[in-house]
Every structure is written in structure tokens, then in C-alpha cells.
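A.B. asks: So I've got this file, coords36.cif, and it contains mmCIF, C-alpha atoms:
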data_data
#
loop_
_atom_site.label_atom_id
_atom_site.label_comp_id
_atom_site.auth_asym_id
_atom_site.auth_seq_id
_atom_site.Cartn_x
_atom_site.Cartn_y
_atom_site.Cartn_z
CA MET C 1102 81.10 102.65 82.99
CA VAL C 1103 80.13 101.12 86.25
CA GLU C 1104 77.23 98.77 86.14
CA ALA C 1105 74.87 99.34 89.03
CA PRO C 1106 73.42 96.00 89.96
CA ARG C 1107 70.62 95.59 92.44
CA PRO C 1108 71.71 92.48 94.27
CA ARG C 1109 68.58 90.96 95.60
CA GLY C 1110 68.95 89.15 98.85
CA LEU C 1111 72.37 90.58 99.65
CA GLN C 1112 72.22 93.00 102.55
CA LEU C 1113 75.00 95.28 101.48
CA GLU C 1114 75.14 99.03 101.25
CA GLU C 1115 76.93 99.85 98.05
CA HIS C 1116 78.23 103.36 97.57
CA VAL C 1117 78.67 103.21 93.83
CA ASP C 1118 79.14 106.97 93.39
CA PHE C 1119 81.62 107.10 96.20
CA VAL C 1120 83.56 104.14 94.86
CA ARG C 1121 83.72 105.72 91.43
CA ARG C 1122 85.03 108.96 92.94
CA SER C 1123 87.58 107.15 95.04
CA TRP C 1124 88.88 105.33 91.96
CA ARG C 1125 89.59 108.74 90.46
CA VAL C 1126 91.34 109.86 93.64
CA GLU C 1127 93.35 106.65 93.65
CA ARG C 1128 94.46 107.18 90.07
CA ILE C 1129 95.53 110.78 90.66
CA GLY C 1130 97.12 109.80 93.95
CA THR C 1131 99.12 107.03 92.33
CA TRP C 1132 100.58 109.49 89.82
CA ALA C 1133 101.38 111.85 92.67
CA LEU C 1134 103.26 109.03 94.39
CA VAL C 1135 105.21 108.24 91.22
CA LEU C 1136 106.11 111.92 90.97
CA LEU C 1137 107.22 111.90 94.60
CA LEU C 1138 109.44 108.91 93.90
CA GLY C 1139 110.98 110.80 90.98
CA VAL C 1140 111.67 113.76 93.25
CA ALA C 1141 113.28 111.40 95.78
CA VAL C 1142 115.51 109.82 93.12
CA SER C 1143 116.61 113.24 91.88
CA GLY C 1144 117.92 114.03 95.35
CA LEU C 1145 115.55 116.88 96.19
CA LEU C 1146 114.58 114.88 99.26
CA GLY C 1147 118.21 114.36 100.21
CA SER C 1148 120.94 111.96 99.06
CA GLY C 1149 120.94 112.16 95.26
CA PRO C 1150 122.43 114.05 92.32
CA LEU C 1151 120.62 117.30 93.08
CA SER C 1152 121.24 117.20 96.81
CA ARG C 1153 124.81 118.57 96.75
CA GLY C 1154 125.63 122.23 96.79
CA VAL C 1155 128.83 124.20 96.36
CA ALA C 1156 129.72 127.52 97.93
CA ALA C 1157 132.97 129.19 96.90
CA ALA C 1158 135.09 132.22 97.39
CA PRO C 1159 137.11 131.99 94.15
CA GLY C 1160 140.79 131.28 94.62
CA VAL C 1161 140.47 130.93 98.37
CA LEU C 1162 137.85 128.63 99.74
CA ARG C 1163 135.32 126.13 98.41
CA VAL C 1164 132.78 124.16 100.40
CA ASP C 1165 131.03 121.11 99.01
CA PHE C 1166 128.00 120.60 101.23
CA PRO C 1167 124.67 118.73 101.34
CA ARG C 1168 121.98 121.15 100.22
CA PHE C 1169 119.16 118.74 101.07
CA SER C 1170 119.65 116.34 103.91
CA ARG C 1171 117.62 114.29 106.33
CA TYR C 1172 117.26 114.57 110.06
CA GLN C 1173 119.86 112.53 111.96
CA SER C 1174 121.23 110.92 108.80
CA PRO C 1175 124.96 110.91 108.15
CA GLU C 1176 126.16 113.51 105.65
CA LYS C 1177 129.50 114.57 104.23
CA MET C 1178 130.95 117.99 103.74
CA ALA C 1179 134.30 118.94 102.24
CA ILE C 1180 136.15 122.22 102.71
CA HIS C 1181 138.87 122.94 100.16
CA VAL C 1182 141.43 125.68 100.72
CA ALA C 1183 143.34 126.84 97.64
CA PRO C 1184 147.12 126.19 97.97
CA SER C 1185 147.80 129.89 97.44
CA ALA C 1186 145.52 130.71 100.35
CA VAL C 1187 147.30 128.47 102.84
CA PRO C 1188 149.30 130.78 105.05
CA PRO C 1189 153.04 130.27 105.57
CA GLY C 1190 153.85 128.15 108.59
CA ARG C 1191 151.72 125.29 107.33
CA GLU C 1192 148.84 125.86 109.68
CA VAL C 1193 145.30 126.32 108.43
CA ARG C 1194 142.75 127.93 110.70
CA LEU C 1195 139.14 127.22 109.76
CA SER C 1196 136.14 128.41 111.74
CA LEU C 1197 132.58 127.16 112.00
CA ASP C 1198 129.95 129.35 113.60
CA ARG C 1199 128.50 128.27 116.90
CA ALA C 1200 124.85 128.23 115.79
CA TYR C 1201 125.79 125.75 113.07
CA LEU C 1202 127.64 123.56 115.53
CA ASP C 1203 124.46 123.53 117.64
CA ASP C 1204 122.39 122.41 114.64
CA VAL C 1205 124.62 119.58 113.47
CA ARG C 1206 126.65 116.97 115.22
CA ILE C 1207 130.19 116.77 113.84
CA GLU C 1208 131.02 113.08 113.78
CA THR C 1209 134.42 113.05 112.12
CA MET C 1210 137.02 115.47 110.85
CA VAL C 1211 139.81 114.25 108.56
CA PRO C 1212 142.48 115.46 109.10
CA ALA C 1213 141.79 115.85 112.81
CA PRO C 1214 142.48 119.35 114.10
CA LEU C 1215 145.67 119.97 116.09
CA ARG C 1216 143.55 121.96 118.49
CA SER C 1217 140.36 123.95 118.61
CA GLU C 1218 139.82 127.39 120.03
CA SER C 1219 136.66 129.04 121.23
CA ALA C 1220 135.67 132.51 120.09
CA ALA C 1221 132.59 134.62 120.74
CA ASP C 1222 130.40 133.39 117.90
CA ARG C 1223 132.50 130.60 116.42
CA VAL C 1224 134.93 127.79 117.04
CA VAL C 1225 138.32 127.88 115.30
CA PHE C 1226 139.90 124.57 114.28
CA VAL C 1227 143.62 124.54 113.59
CA PHE C 1228 145.04 121.99 111.11
CA ALA C 1229 148.54 121.03 109.99
CA VAL C 1230 149.55 120.86 106.31
CA ALA C 1231 151.96 118.06 105.42
CA ASP C 1232 154.18 119.46 102.70
CA ALA C 1233 155.02 122.37 100.51
CA THR C 1234 152.26 121.59 98.00
CA ASN C 1235 150.00 123.29 100.51
CA ALA C 1236 147.06 121.17 99.37
CA PHE C 1237 144.39 121.28 101.98
CA THR C 1238 141.01 119.56 102.07
CA LEU C 1239 139.02 118.91 105.19
CA SER C 1240 136.42 116.14 105.13
CA ILE C 1241 133.71 116.43 107.70
CA GLY C 1242 131.19 113.75 108.58
CA LEU C 1243 128.16 115.32 110.17
CA GLN C 1244 124.60 114.62 111.17
CA PRO C 1245 121.84 117.28 111.16
CA GLU C 1246 120.24 117.61 114.57
CA ARG C 1247 117.52 120.09 113.68
CA ILE C 1248 114.68 119.94 111.16
CA GLY C 1249 114.30 122.90 108.82
CA VAL C 1250 116.75 125.37 107.32
CA ILE C 1251 120.21 125.31 108.89
CA ARG C 1252 122.60 128.18 108.26
CA ALA C 1253 126.32 127.61 108.20
CA ARG C 1254 129.22 130.02 108.18
CA VAL C 1255 132.65 128.67 107.32
CA GLY C 1256 135.62 130.98 107.66
CA LEU C 1257 139.27 130.80 106.70
CA GLU C 1258 141.16 132.84 109.27
CA ARG C 1259 144.34 134.49 108.14
CA ALA C 1260 146.29 137.47 109.35
CA GLY C 1261 144.82 140.41 107.50
CA THR C 1262 142.32 138.92 105.09
CA ALA C 1263 139.69 136.49 106.22
CA ALA C 1264 137.32 134.71 103.80
CA THR C 1265 133.88 133.71 104.98
CA LEU C 1266 131.28 131.60 103.20
CA THR C 1267 127.68 131.24 104.25
CA PHE C 1268 125.31 128.61 102.95
CA ARG C 1269 122.17 126.78 103.97
CA HIS C 1270 121.01 123.18 104.24
CA LEU C 1271 117.41 122.12 104.20
CA VAL C 1272 116.89 119.27 106.63
CA TYR C 1273 113.85 117.02 106.10
CA PRO C 1274 112.24 115.28 109.08
CA MET V 821 107.15 114.69 122.50
CA GLU V 822 109.24 113.72 119.49
CA THR V 823 108.12 110.09 119.70
CA VAL V 824 104.46 111.15 119.72
CA LEU V 825 104.93 113.36 116.66
CA ARG V 826 106.88 110.67 114.82
CA ALA V 827 104.24 108.04 115.53
CA ALA V 828 101.39 110.35 114.51
CA ALA V 829 103.19 111.32 111.29
CA ILE V 830 103.88 107.71 110.34
CA TYR V 831 100.29 106.71 111.13
CA GLY V 832 98.93 109.49 108.93
CA ILE V 833 101.32 108.83 106.07
CA LEU V 834 100.64 105.10 106.01
CA LEU V 835 96.90 105.75 106.15
CA VAL V 836 97.06 108.00 103.08
CA LEU V 837 99.50 105.73 101.26
CA PHE V 838 97.48 102.55 101.61
CA ARG V 839 94.23 104.36 100.90
CA ILE V 840 95.69 105.66 97.63
CA THR V 841 97.29 102.46 96.44
CA GLY V 842 94.12 100.54 97.11
CA LYS V 843 93.03 98.00 99.62
CA ARG V 844 94.42 95.05 97.71
CA SER V 845 97.99 96.15 98.34
CA LEU V 846 98.09 94.70 101.84
CA SER V 847 95.78 91.74 101.57
CA GLN V 848 98.59 89.18 101.26
CA ILE V 849 97.40 87.35 98.18
CA THR V 850 100.84 86.18 97.15
CA THR V 851 103.88 85.15 99.16
CA PHE V 852 105.62 88.34 98.21
CA ASP V 853 102.78 90.47 99.61
CA PHE V 854 103.57 88.95 102.96
CA ILE V 855 107.29 89.67 102.59
CA LEU V 856 106.45 93.22 101.54
CA LEU V 857 104.51 93.71 104.75
CA LEU V 858 107.51 92.54 106.77
CA ILE V 859 109.87 94.85 104.90
CA ILE V 860 107.54 97.82 105.36
CA SER V 861 107.31 97.28 109.10
CA GLU V 862 111.09 97.05 109.28
CA ALA V 863 111.51 100.21 107.21
CA ILE V 864 109.22 102.40 109.28
CA GLN V 865 110.56 101.17 112.59
CA ASN V 866 113.57 103.50 112.66
CA GLY V 867 111.46 106.41 111.55
CA MET V 868 109.25 105.95 114.56
CA VAL V 869 111.67 105.23 117.40
CA GLY V 870 114.62 107.21 116.04
CA THR V 871 117.82 106.41 117.86
CA SER V 872 116.19 105.82 121.21
CA TYR V 873 116.41 102.38 122.75
CA SER V 874 114.52 103.19 125.95
CA VAL V 875 111.48 101.36 127.24
CA THR V 876 109.81 104.74 127.77
CA SER V 877 110.03 105.55 124.05
CA ALA V 878 108.60 102.17 123.13
CA VAL V 879 105.68 102.57 125.55
CA VAL V 880 104.97 106.14 124.43
CA LEU V 881 105.06 104.96 120.82
CA VAL V 882 102.63 102.11 121.35
CA LEU V 883 100.40 104.32 123.48
CA THR V 884 100.28 106.97 120.77
CA LEU V 885 99.45 104.49 118.02
CA ILE V 886 96.75 102.75 120.01
CA LEU V 887 95.15 106.02 121.10
CA ILE V 888 95.17 107.45 117.57
CA ASP V 889 93.54 104.28 116.35
CA PHE V 890 90.99 104.31 119.14
CA GLY V 891 90.26 108.02 118.69
CA LEU V 892 89.87 107.63 114.96
CA GLY V 893 87.46 104.75 115.61
CA LEU V 894 85.32 107.02 117.80
CA VAL V 895 85.32 109.82 115.24
CA LYS V 896 84.45 107.39 112.47
CA ARG V 897 81.45 106.14 114.38
CA ARG V 898 80.35 109.72 114.85
CA PHE V 899 80.84 110.67 111.20
CA PRO V 900 79.97 107.79 108.84
CA ARG V 901 81.08 109.89 105.88
CA LEU V 902 84.63 109.98 107.28
CA GLU V 903 84.55 106.25 107.77
CA LEU V 904 83.64 105.87 104.14
CA TRP V 905 86.58 108.03 103.11
CA LEU V 906 89.07 106.31 105.37
CA GLU V 907 88.03 102.73 104.82
CA GLY V 908 86.20 102.70 101.52
CA ALA V 909 83.05 100.77 100.74
CA PRO V 910 82.44 97.11 100.00
CA LEU V 911 81.96 96.38 96.33
CA VAL V 912 80.15 93.56 94.56
CA LEU V 913 82.51 92.06 91.95
CA VAL V 914 80.56 89.02 90.84
CA GLU V 915 76.83 89.17 90.66
CA ARG V 916 74.88 85.95 90.21
CA GLY V 917 77.80 84.24 88.55
CA ARG V 918 78.45 87.16 86.21
CA PRO V 919 81.79 88.90 86.73
CA LEU V 920 81.52 92.70 86.61
CA ARG V 921 84.58 93.34 84.44
CA ASP V 922 84.88 97.08 84.94
CA ARG V 923 84.75 96.78 88.71
CA LEU V 924 87.22 93.91 88.73
CA ALA V 925 89.70 95.83 86.61
CA ARG V 926 89.48 99.01 88.61
CA SER V 927 89.81 97.23 91.93
CA GLY V 928 92.90 95.39 90.78
CA VAL V 929 91.25 92.01 91.23
CA ASP V 930 91.05 89.44 88.47
CA VAL V 931 88.77 86.49 87.99
CA GLU V 932 91.60 84.22 89.07
CA ASP V 933 91.68 85.94 92.48
CA VAL V 934 87.94 85.44 92.83
CA LEU V 935 88.29 81.74 91.93
CA THR V 936 91.15 81.35 94.43
CA ALA V 937 89.03 82.84 97.19
CA ALA V 938 86.10 80.65 96.12
CA ARG V 939 88.21 77.49 96.26
CA ARG V 940 89.75 78.37 99.57
CA ALA V 941 86.69 79.55 101.44
CA GLN V 942 83.89 77.58 99.86
CA GLY V 943 85.45 74.73 97.93
CA LEU V 944 83.85 75.96 94.72
CA GLU V 945 85.11 74.86 91.33
CA ARG V 946 83.72 77.26 88.78
CA LEU V 947 82.67 80.87 88.47
CA ASP V 948 79.04 79.96 87.83
CA GLN V 949 78.89 78.37 91.27
CA ILE V 950 79.42 81.80 92.82
CA LYS V 951 76.35 83.81 93.57
CA PHE V 952 78.11 86.91 94.84
CA ALA V 953 81.73 87.88 95.30
CA VAL V 954 82.27 90.98 97.40
CA LEU V 955 85.48 92.93 97.84
CA GLU V 956 85.27 93.87 101.49
CA ARG V 957 86.61 97.06 103.02
CA ASN V 958 89.68 95.30 104.37
CA GLY V 959 90.58 93.93 100.92
CA ASP V 960 89.32 90.41 101.56
CA LEU V 961 87.14 88.69 99.01
CA SER V 962 83.92 87.22 100.36
CA ILE V 963 82.36 84.47 98.31
CA ILE V 964 78.70 83.61 98.59
CA PRO V 965 77.77 80.37 96.80
CA TRP V 966 74.40 79.55 95.36
CA ASP V 967 72.21 77.91 97.98
CA GLY V 968 72.11 74.49 96.39
CA GLU V 969 75.11 72.93 94.79
CA THR V 970 72.94 71.14 92.31
CA ARG V 971 71.69 72.58 89.13
CA GLU V 972 68.13 72.31 90.42
CA GLY V 973 68.99 74.28 93.51
CA GLN V 974 70.45 77.05 91.38
CA ASP V 975 67.48 77.03 89.11
CA ARG V 976 65.15 77.22 92.09
CA GLU V 977 67.14 80.20 93.38
CA ARG V 978 67.18 81.91 90.03
CA ALA V 979 63.46 81.43 89.71
CA ALA V 980 62.80 82.95 93.15
#
Please express what this file holds, its structure, as C-alpha cells.
C.D. replies:
Amino acid sequence: MVEAPRPRGLQLEEHVDFVRRSWRVERIGTWALVLLLGVAVSGLLGSGPLSRGVAAAPGVLRVDFPRFSRYQSPEKMAIHVAPSAVPPGREVRLSLDRAYLDDVRIETMVPAPLRSESAADRVVFVFAVADATNAFTLSIGLQPERIGVIRARVGLERAGTAATLTFRHLVYP
Amino acid sequence: METVLRAAAIYGILLVLFRITGKRSLSQITTFDFILLLIISEAIQNGMVGTSYSVTSAVVLVLTLILIDFGLGLVKRRFPRLELWLEGAPLVLVERGRPLRDRLARSGVDVEDVLTAARRAQGLERLDQIKFAVLERNGDLSIIPWDGETREGQDRERAA
């Protein structure tokens, strides 16, 4: 209950009804903010347990990517190639589509590519594999440069069979 | 373009945020409130200027913020209802020495805060020396003492 005093002598316009309504809005709003904080902690707003995604072509290619990320914030992506899928000659050719390369800025690639080649709709990066274990993982440090949904296409290029994975990131402003 | 949008977004978000969490959240009652204000300004800085270090960005940013503020001021004068929604209304918390408990609790102010304000602004010692305490729209507490400090003065006032 709100008491409604009539302060004599005090020239003050009290909006008791309004104040009572705004208390209710404040209470609901506070819970909404707590909820929003929970969502942020979970990673649905980027950088958290739920923010990572995995796309895989079984036995060939697996990409560990940020499903939710933030505009111009550093992110990590890892591309794993199964040892059996590494072609003889110890050279791995991975491609990223050009639209994706326009939407993100690639900051680092470890290992660094031996060379990169331009194709119509994609760029092919060529990497060396050290030994006969044929283990190959590429770590990419990137930064989203566009707000909204970004589509990516990662391809493993081999003579004959080529595996392609597509996935999406949601980039928050 | 981007700077203008960033500034407008931050302005809007902060407006909603501080309106929801109440006006006491920024009124710097304790030392930590002051530190909080500093941290907040530091935290939003990058969100507004992004990675740009140019003077142009800084000027555009300040221009945007000032014009939004000015424009909102004009609109508020035009529509008093909007002003009420954006800034809230003043609220009497102590009436003739009697603390209005429900209002105090809901506004996040306790009697101790009222007494602090009374000591600081008016040099008052006790609650019964306060005639009115008003929580202003900006979160400040205004203290109005009884006219006379003496018992007789208060009695005269009460009788009037």
C-alpha cells in the first residue's frame, strides 16, 4: 500500500499512481535484466559454453567454430582434418569461400600456409604436414567484420573427392 | 554513420537500464557508487568509438550525444507525459517527521540515507527535525527542516 499524503505547504506535484506503476515496471525490468545476464553467462550472447559450434563431415573434416560471436571481437576457429583424409605428399589444401573472407578478418593462421591460391569463389590455402602421423589441425584467429548471420564454407580439396562444410555464425553488434 | 548509430544505441540502452534499476543507482551515495560510475564510463567507451582513434569520430560522437540529449529535452517539454516516463516523478519519503516506510523500501532508500542527507545539507540531528524529505527525479534527497529549530517553533508550525 502506498500512503497518499497531502503535504500542506509543499509545492510538489506527486504522481502517486505513476510512481506505483513505475515500481512495477522496475521490478519486472530488473528480472528481465537478471535473465539477460543469465543468457550472457550461458554464451548465447557470445563467448561462453553455448557459444561454440561443431560442423563435421565424419572421418574427413571437422570444424570447431564460434556459433555466437561479437562484432570486431577476436574469435578462434579450428579445422581438423582426419589423418586418413590427408592426401599423400603431405600437403593439405583447405579452402574458405570468398564471401566469408569478406565478412571476417583472418588475424592468424597456425600453421601458416605455404601459399594461397585464388579461385573463382574461394581462396585455397596450402599447408605442409610434418610427419607420417598425418595429424592436421589448423587454428585460425579471426574477427567478425559484419553484424548479422555470416555464412562460411570450408572445403578440403583433394584429387577426386572434395569435402565441403557449411555453417553459420551469428554476430552481435 | 557507424559512430552515430553506436552513440544512439548506447544512449538508448543506458537510458532504459538506469530507468529500470532506479534513480538511486547513480546518485553516488557511497564511495563505491562513484567507482562504479567510473568503471561504467570506461566500459562503454570502446562500444561507442570502436577501434577508431580519429578526431572526426570523437567529434561526431560528442555531437550525436549532445544532439540526442537536446532533442529529447525538446520533445520532453512538448510531451510532459514522456518526461514523466523518462525521468520519473519526485516522491515524498518523510512527511512531517514521519517516515513513509513503504515508499522508502520501494525506492531503495533507508532512514539512514535520509538522516545522512539531513546532516549534510541541513545539519539536522534527528528524524523528527525533518519536515519533508523528497526523493528528487535525479535521485538526490532534498531535506526540508521545520521552520524553527526549537520545540516551540515546531509546535507553532504544527498548529498552523
A.B. asks: Could you list, as number ranges by chain, the residues of chain C having an atom within 12 Å of chain V when counting only C-alpha atoms?
C.D. replies: C: 1102-1135, 1137, 1171-1174, 1246-1248, 1274
A.B. asks: Take the residues that were just selected and, keeping C-alpha atoms, output them as a JSON list (two decimals), in the frame of the given file.
C.D. replies:
[["chain", "number", "residue", "atom", "x", "y", "z"],
["C", 1102, "MET", "CA", 81.10, 102.65, 82.99],
["C", 1103, "VAL", "CA", 80.13, 101.12, 86.25],
["C", 1104, "GLU", "CA", 77.23, 98.77, 86.14],
["C", 1105, "ALA", "CA", 74.87, 99.34, 89.03],
["C", 1106, "PRO", "CA", 73.42, 96.00, 89.96],
["C", 1107, "ARG", "CA", 70.62, 95.59, 92.44],
["C", 1108, "PRO", "CA", 71.71, 92.48, 94.27],
["C", 1109, "ARG", "CA", 68.58, 90.96, 95.60],
["C", 1110, "GLY", "CA", 68.95, 89.15, 98.85],
["C", 1111, "LEU", "CA", 72.37, 90.58, 99.65],
["C", 1112, "GLN", "CA", 72.22, 93.00, 102.55],
["C", 1113, "LEU", "CA", 75.00, 95.28, 101.48],
["C", 1114, "GLU", "CA", 75.14, 99.03, 101.25],
["C", 1115, "GLU", "CA", 76.93, 99.85, 98.05],
["C", 1116, "HIS", "CA", 78.23, 103.36, 97.57],
["C", 1117, "VAL", "CA", 78.67, 103.21, 93.83],
["C", 1118, "ASP", "CA", 79.14, 106.97, 93.39],
["C", 1119, "PHE", "CA", 81.62, 107.10, 96.20],
["C", 1120, "VAL", "CA", 83.56, 104.14, 94.86],
["C", 1121, "ARG", "CA", 83.72, 105.72, 91.43],
["C", 1122, "ARG", "CA", 85.03, 108.96, 92.94],
["C", 1123, "SER", "CA", 87.58, 107.15, 95.04],
["C", 1124, "TRP", "CA", 88.88, 105.33, 91.96],
["C", 1125, "ARG", "CA", 89.59, 108.74, 90.46],
["C", 1126, "VAL", "CA", 91.34, 109.86, 93.64],
["C", 1127, "GLU", "CA", 93.35, 106.65, 93.65],
["C", 1128, "ARG", "CA", 94.46, 107.18, 90.07],
["C", 1129, "ILE", "CA", 95.53, 110.78, 90.66],
["C", 1130, "GLY", "CA", 97.12, 109.80, 93.95],
["C", 1131, "THR", "CA", 99.12, 107.03, 92.33],
["C", 1132, "TRP", "CA", 100.58, 109.49, 89.82],
["C", 1133, "ALA", "CA", 101.38, 111.85, 92.67],
["C", 1134, "LEU", "CA", 103.26, 109.03, 94.39],
["C", 1135, "VAL", "CA", 105.21, 108.24, 91.22],
["C", 1137, "LEU", "CA", 107.22, 111.90, 94.60],
["C", 1171, "ARG", "CA", 117.62, 114.29, 106.33],
["C", 1172, "TYR", "CA", 117.26, 114.57, 110.06],
["C", 1173, "GLN", "CA", 119.86, 112.53, 111.96],
["C", 1174, "SER", "CA", 121.23, 110.92, 108.80],
["C", 1246, "GLU", "CA", 120.24, 117.61, 114.57],
["C", 1247, "ARG", "CA", 117.52, 120.09, 113.68],
["C", 1248, "ILE", "CA", 114.68, 119.94, 111.16],
["C", 1274, "PRO", "CA", 112.24, 115.28, 109.08]]
A.B. asks: Which one of C:Ser1152, C:Thr1267, C:Thr1238, C:Gln1244 sits closest to Leu1202 (chain C) if you count only C-alpha atoms?
C.D. replies: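 Checking each candidate against Leu1202 (chain C), we get C:Gln1244 as the closest.
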A.B. asks: Given the point (82.8, 78.5, 96.4) in the coordinates of this file, which residues lie within 10 Å, counting only C-alpha atoms, and how would they look as a PyMOL selection string?
C.D. replies: chain V and resi 934-953+962-966+969
A.B. asks: Using all atoms listed in the file, pick whichever of C:Val1187, C:Arg1153, C:His1181, C:Gly1139 has the shortest atom-to-atom distance to Ala1260 (chain C).
C.D. replies: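 Checking each of C:Val1187, C:Arg1153, C:His1181, C:Gly1139 against Ala1260 (chain C), counting all atoms listed in the file, the winner is C:Val1187.
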A.B. asks: Can you list, as a ChimeraX atom specification, the residues that the PyMOL selection byres ((chain C and resi 1183) around 10) selects here?
C.D. replies: /C:1158-1163,1180-1182,1184-1187,1235-1238
A.B. asks: When you look at Ile864 (chain V) with a cut-off of 9 Å (counting all atoms listed in the file), what residues show up, excluding the ones that are within fewer than 5 positions of it in the same chain? I need them as an MDAnalysis selection string.
C.D. replies: chainID V and resid 830 859 869
A.B. asks: Could you check how far CA of Leu1243 (chain C) sits from CA of Met1178 (chain C), in Å to one decimal?
C.D. replies: 7.5 Å
A.B. asks: Have a look at C:Val1205, C:Leu1195, C:Ala1179, C:Ala1231 and name the one nearest to Glu1218 (chain C); count all atoms listed in the file.
C.D. replies: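 With all atoms listed in the file as the atom set, the closest residue is C:Leu1195.
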A.B. asks: Report, in Å to a single decimal, how far apart CA of Arg1223 (chain C) and CA of Arg1199 (chain C) are.
C.D. replies: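 Pair CA of Arg1199 (chain C) / CA of Arg1223 (chain C) returns 4.7 Å.
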A.B. asks: Need to verify the contact set: Leu1271 (chain C), 10 Å, all atoms listed in the file, exclusion of same-chain residues closer than 4 positions in sequence. Can you return it as a compact mmCIF listing (two decimals) with C-alpha atoms, keeping the file's coordinate frame?
C.D. replies:
# COMPACT_ATOMS: atom_id res chain seq x y z
CA LEU C 1145 115.55 116.88 96.19
CA LEU C 1146 114.58 114.88 99.26
CA GLY C 1147 118.21 114.36 100.21
CA SER C 1152 121.24 117.20 96.81
CA PRO C 1167 124.67 118.73 101.34
CA ARG C 1168 121.98 121.15 100.22
CA PHE C 1169 119.16 118.74 101.07
CA SER C 1170 119.65 116.34 103.91
CA ARG C 1171 117.62 114.29 106.33
CA TYR C 1172 117.26 114.57 110.06
CA PRO C 1245 121.84 117.28 111.16
CA ARG C 1247 117.52 120.09 113.68
CA ILE C 1248 114.68 119.94 111.16
CA GLY C 1249 114.30 122.90 108.82
CA VAL C 1250 116.75 125.37 107.32
CA ILE C 1251 120.21 125.31 108.89
CA ARG C 1252 122.60 128.18 108.26
A.B. asks: CA of Lys1177 (chain C) to CA of Ala829 (chain V): how many Å, to one decimal?
C.D. replies: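 Those two atoms sit 27.4 Å apart.
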A.B. asks: For the file shown, report as a list in words the outcome of the PyMOL selection byres ((chain C and resi 1257) around 8) at residue level.
C.D. replies: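 When the PyMOL selection byres ((chain C and resi 1257) around 8) is applied to the shown file, the picked residues are Leu1162, Val1193, Arg1194, Leu1195, Ser1196, Val1255, Gly1256, Glu1258, Arg1259, Ala1263, Ala1264 and Thr1265 of chain C.
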